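The data block below is data.pdb; it holds PDB, C-alpha atoms.
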```pdb
ATOM      1  CA  MET O   1     -20.010  16.327  -0.811  1.00  0.00           C
ATOM      2  CA  PRO O   2     -16.712  18.156  -1.473  1.00  0.00           C
ATOM      3  CA  THR O   3     -16.217  19.957  -4.749  1.00  0.00           C
ATOM      4  CA  ALA O   4     -13.404  19.172  -7.177  1.00  0.00           C
ATOM      5  CA  ASP O   5     -11.595  22.328  -6.020  1.00  0.00           C
ATOM      6  CA  ASP O   6     -11.607  20.990  -2.456  1.00  0.00           C
ATOM      7  CA  LEU O   7     -10.266  17.619  -3.535  1.00  0.00           C
ATOM      8  CA  PHE O   8      -7.518  18.881  -5.824  1.00  0.00           C
ATOM      9  CA  ARG O   9      -6.383  22.011  -4.024  1.00  0.00           C
ATOM     10  CA  PRO O  10      -2.636  22.454  -3.376  1.00  0.00           C
ATOM     11  CA  THR O  11      -1.663  21.405   0.129  1.00  0.00           C
ATOM     12  CA  VAL O  12       1.636  23.319   0.215  1.00  0.00           C
ATOM     13  CA  ASP O  13       2.375  26.834  -1.020  1.00  0.00           C
ATOM     14  CA  PRO O  14       5.308  26.315  -3.455  1.00  0.00           C
ATOM     15  CA  ALA O  15       6.595  29.860  -2.767  1.00  0.00           C
ATOM     16  CA  THR O  16       7.011  29.129   0.943  1.00  0.00           C
ATOM     17  CA  PRO O  17       9.746  26.716   2.070  1.00  0.00           C
ATOM     18  CA  GLU O  18       8.395  23.830   4.064  1.00  0.00           C
ATOM     19  CA  GLN O  19       8.659  24.500   7.799  1.00  0.00           C
ATOM     20  CA  PRO O  20       8.537  21.448  10.034  1.00  0.00           C
ATOM     21  CA  ASP O  21       5.747  21.713  12.569  1.00  0.00           C
ATOM     22  CA  GLU O  22       6.387  20.579  16.078  1.00  0.00           C
ATOM     23  CA  PRO O  23       6.095  16.792  16.275  1.00  0.00           C
ATOM     24  CA  ARG O  24       2.707  15.384  17.210  1.00  0.00           C
ATOM     25  CA  GLN O  25       2.172  12.389  19.449  1.00  0.00           C
ATOM     26  CA  ARG O  26       0.510   9.532  17.547  1.00  0.00           C
ATOM     27  CA  ARG O  27      -0.532   6.124  18.704  1.00  0.00           C
ATOM     28  CA  VAL O  28      -0.299   4.734  15.189  1.00  0.00           C
ATOM     29  CA  ARG O  29       3.121   4.252  13.653  1.00  0.00           C
ATOM     30  CA  ALA O  30       3.863   4.383   9.962  1.00  0.00           C
ATOM     31  CA  VAL O  31       5.654   1.386   8.516  1.00  0.00           C
ATOM     32  CA  ALA O  32       9.292   2.229   7.847  1.00  0.00           C
ATOM     33  CA  ALA O  33      10.507   2.216   4.276  1.00  0.00           C
ATOM     34  CA  GLN O  34      13.014  -0.372   3.168  1.00  0.00           C
ATOM     35  CA  PRO O  35      16.354   1.179   2.183  1.00  0.00           C
ATOM     36  CA  GLU O  36      17.039   0.943  -1.526  1.00  0.00           C
ATOM     37  CA  VAL O  37      19.553  -1.758  -2.372  1.00  0.00           C
ATOM     38  CA  GLU O  38      21.469  -1.745  -5.652  1.00  0.00           C
ATOM     39  CA  ALA O  39      22.243  -5.468  -5.817  1.00  0.00           C
ATOM     40  CA  GLU O  40      19.431  -7.992  -5.707  1.00  0.00           C
ATOM     41  CA  PRO O  41      19.530  -9.833  -2.363  1.00  0.00           C
ATOM     42  CA  ALA O  42      19.652 -13.616  -2.358  1.00  0.00           C
ATOM     43  CA  GLY O  43      16.274 -14.686  -1.025  1.00  0.00           C
ATOM     44  CA  PRO O  44      12.683 -13.652  -1.433  1.00  0.00           C
ATOM     45  CA  LYS O  45      12.019 -10.302  -3.065  1.00  0.00           C
ATOM     46  CA  LYS O  46      10.792  -7.530  -0.791  1.00  0.00           C
ATOM     47  CA  PRO O  47       8.036  -5.079  -1.744  1.00  0.00           C
ATOM     48  CA  SER O  48       9.137  -1.553  -2.558  1.00  0.00           C
ATOM     49  CA  GLY O  49       7.604   0.005   0.554  1.00  0.00           C
ATOM     50  CA  ARG O  50       7.290   3.750   0.993  1.00  0.00           C
ATOM     51  CA  VAL O  51       9.341   5.070  -1.904  1.00  0.00           C
ATOM     52  CA  ARG O  52       8.484   7.145  -4.945  1.00  0.00           C
ATOM     53  CA  HIS O  53       7.042   4.876  -7.601  1.00  0.00           C
ATOM     54  CA  ASP O  54       7.634   5.835 -11.227  1.00  0.00           C
ATOM     55  CA  GLU O  55       5.440   3.131 -12.747  1.00  0.00           C
ATOM     56  CA  LYS O  56       1.662   3.006 -12.518  1.00  0.00           C
ATOM     57  CA  MET O  57      -0.832   0.233 -13.059  1.00  0.00           C
ATOM     58  CA  THR O  58      -4.591   0.642 -12.874  1.00  0.00           C
ATOM     59  CA  VAL O  59      -6.588  -2.253 -11.455  1.00  0.00           C
ATOM     60  CA  TYR O  60     -10.365  -2.327 -11.401  1.00  0.00           C
ATOM     61  CA  VAL O  61     -11.999  -4.053  -8.445  1.00  0.00           C
ATOM     62  CA  THR O  62     -15.573  -4.645  -7.392  1.00  0.00           C
ATOM     63  CA  SER O  63     -17.091  -2.610  -4.590  1.00  0.00           C
ATOM     64  CA  ASP O  64     -16.900  -5.695  -2.333  1.00  0.00           C
ATOM     65  CA  GLU O  65     -13.195  -6.148  -3.105  1.00  0.00           C
ATOM     66  CA  LEU O  66     -12.551  -2.482  -2.368  1.00  0.00           C
ATOM     67  CA  LEU O  67     -14.408  -2.804   0.934  1.00  0.00           C
ATOM     68  CA  ASP O  68     -12.290  -5.865   1.787  1.00  0.00           C
ATOM     69  CA  ILE O  69      -9.100  -3.909   1.081  1.00  0.00           C
ATOM     70  CA  GLU O  70     -10.294  -0.986   3.183  1.00  0.00           C
ATOM     71  CA  HIS O  71     -11.362  -3.346   5.985  1.00  0.00           C
ATOM     72  CA  ALA O  72      -7.900  -4.963   5.970  1.00  0.00           C
ATOM     73  CA  ARG O  73      -6.249  -1.516   6.063  1.00  0.00           C
ATOM     74  CA  LEU O  74      -8.359  -0.458   9.029  1.00  0.00           C
ATOM     75  CA  THR O  75      -7.709  -3.775  10.804  1.00  0.00           C
ATOM     76  CA  LEU O  76      -3.955  -3.273  10.388  1.00  0.00           C
ATOM     77  CA  ARG O  77      -4.316   0.170  11.912  1.00  0.00           C
ATOM     78  CA  ARG O  78      -6.671  -0.782  14.743  1.00  0.00           C
ATOM     79  CA  GLU O  79      -5.221  -4.117  15.842  1.00  0.00           C
ATOM     80  CA  HIS O  80      -1.546  -3.751  14.877  1.00  0.00           C
ATOM     81  CA  GLY O  81      -0.901   0.002  14.915  1.00  0.00           C
ATOM     82  CA  LEU O  82       0.224  -0.006  11.268  1.00  0.00           C
ATOM     83  CA  ALA O  83      -0.831   3.020   9.229  1.00  0.00           C
ATOM     84  CA  VAL O  84      -0.580   1.880   5.615  1.00  0.00           C
ATOM     85  CA  ASP O  85      -2.359   3.178   2.558  1.00  0.00           C
ATOM     86  CA  ARG O  86      -4.236   0.976   0.109  1.00  0.00           C
ATOM     87  CA  GLY O  87      -1.381   1.080  -2.414  1.00  0.00           C
ATOM     88  CA  ARG O  88       1.111  -0.183   0.157  1.00  0.00           C
ATOM     89  CA  LEU O  89      -1.322  -2.887   1.257  1.00  0.00           C
ATOM     90  CA  VAL O  90      -1.797  -4.064  -2.331  1.00  0.00           C
ATOM     91  CA  ARG O  91       1.981  -4.011  -3.031  1.00  0.00           C
ATOM     92  CA  GLU O  92       2.634  -6.109   0.093  1.00  0.00           C
ATOM     93  CA  ALA O  93      -0.105  -8.601  -0.833  1.00  0.00           C
ATOM     94  CA  LEU O  94       1.198  -8.802  -4.392  1.00  0.00           C
ATOM     95  CA  ALA O  95       4.741  -9.440  -3.118  1.00  0.00           C
ATOM     96  CA  LEU O  96       3.448 -12.300  -0.944  1.00  0.00           C
ATOM     97  CA  VAL O  97       1.563 -13.907  -3.830  1.00  0.00           C
ATOM     98  CA  LEU O  98       4.483 -13.566  -6.254  1.00  0.00           C
ATOM     99  CA  ALA O  99       6.948 -14.983  -3.704  1.00  0.00           C
ATOM    100  CA  ASP O 100       4.623 -17.950  -3.167  1.00  0.00           C
ATOM    101  CA  LEU O 101       4.370 -18.464  -6.941  1.00  0.00           C
ATOM    102  CA  GLU O 102       8.157 -18.314  -7.309  1.00  0.00           C
ATOM    103  CA  GLY O 103       8.749 -20.715  -4.418  1.00  0.00           C
ATOM    104  CA  GLN O 104       5.877 -23.158  -4.869  1.00  0.00           C
ATOM    105  CA  GLY O 105       5.245 -23.013  -8.618  1.00  0.00           C
ATOM    106  CA  ALA O 106       2.251 -25.146  -9.567  1.00  0.00           C
ATOM    107  CA  ASP O 107       1.446 -25.752  -5.894  1.00  0.00           C
ATOM    108  CA  SER O 108       1.157 -22.017  -5.146  1.00  0.00           C
ATOM    109  CA  ALA O 109      -2.126 -20.579  -3.921  1.00  0.00           C
ATOM    110  CA  LEU O 110      -2.281 -18.321  -7.006  1.00  0.00           C
ATOM    111  CA  VAL O 111      -2.042 -21.204  -9.484  1.00  0.00           C
ATOM    112  CA  GLN O 112      -4.566 -23.251  -7.510  1.00  0.00           C
ATOM    113  CA  ARG O 113      -7.082 -20.387  -7.367  1.00  0.00           C
ATOM    114  CA  LEU O 114      -6.685 -19.622 -11.070  1.00  0.00           C
ATOM    115  CA  LEU O 115      -7.125 -23.312 -11.941  1.00  0.00           C
ATOM    116  CA  ASP O 116     -10.278 -23.423  -9.802  1.00  0.00           C
ATOM    117  CA  ASP O 117     -11.723 -20.493 -11.786  1.00  0.00           C
ATOM    118  CA  GLU O 118     -11.434 -22.389 -15.107  1.00  0.00           C
TER
END
```

Rendering of file as structure tokens:
Amino acid sequence: MPTADDLFRPTVDPATPEQPDEPRQRRVRAVAAQPEVEAEPAGPKKPSGRVRHDEKMTVYVTSDELLDIEHARLTLRREHGLAVDRGRLVREALALVLADLEGQGADSALVQRLLDDE
């Protein structure tokens, strides 16, 4: 088991300017970030993608839910060649659910699932 010092050690020496290493060949491609747009586009909202996020929200999930998220992330990587982190996966899923809610209203999957829980 790694110690806290191993987990939270600096990965870059701030005194040394970052030198690009020679590019490595990878079979997995990272999902490209969406360019930032000032005006809101007409149509469904897009998730923020790979940009710096200034806001934070903590969500607690069960161990089974976390395993499902990790399984989906690994499936995206293995079967589709998409290397995404859990945060990106959750933001994309949230964008899909919110777009469905905005477009379908009471008939959306979110409303139906929440009504079933009552």

Neighbouring residues of stretch 110-115 of chain O were defined as those with any atom within 8 Å, considering all atoms listed in the file; residues of the same chain fewer than 4 positions away were excluded. Please report them as a PDB file with C-alpha atoms, in the frame of the given file.
```pdb
ATOM      1  CA  VAL O  97       1.563 -13.907  -3.830  1.00  0.00           C
ATOM      2  CA  ASP O 100       4.623 -17.950  -3.167  1.00  0.00           C
ATOM      3  CA  LEU O 101       4.370 -18.464  -6.941  1.00  0.00           C
ATOM      4  CA  GLY O 105       5.245 -23.013  -8.618  1.00  0.00           C
ATOM      5  CA  ALA O 106       2.251 -25.146  -9.567  1.00  0.00           C
TER       6      ALA O 106
END
```

**Prompt:** What is the atom CA of O:Leu67-atom CA of O:Arg86 distance in Å, reported with one decimal?
**Reply:**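 A separation of 10.9 Å between them.
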
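In this model, the gap between atom CA of O:Ala109 and atom CA of O:Arg52 comes to 29.7 Å.
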
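For the pair atom CA of O:Tyr60 and atom CA of O:Val90, the separation is 12.6 Å.
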
**Message:** With distances taken over all atoms listed in the file, which residue among O:Ala72, O:Val61, O:Ala99, O:Ala4 lies nearest O:Asp85?
**Reply:**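 So, comparing all the options, the nearest one is O:Ala72.
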
**Request:** Have a look at O:Gly87, O:Pro2, O:Leu94, O:Gly103 and name the one nearest to O:His53; count all atoms listed in the file.
**Result:**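 Selected residue with least distance to O:His53: O:Gly87.
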
**Request:** Tell me which of O:Glu92, O:Asp54, O:Asp5, O:Asp107 sits closest to O:Arg73, counting all atoms listed in the file.
**Result:**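 Checking each of O:Glu92, O:Asp54, O:Asp5, O:Asp107 against O:Arg73, counting all atoms listed in the file, the winner is O:Glu92.
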
**Counting only C-alpha atoms, the option among O:Ile69, O:Met57, O:Leu98, O:Leu7 closest to O:Val84** = O:Ile69
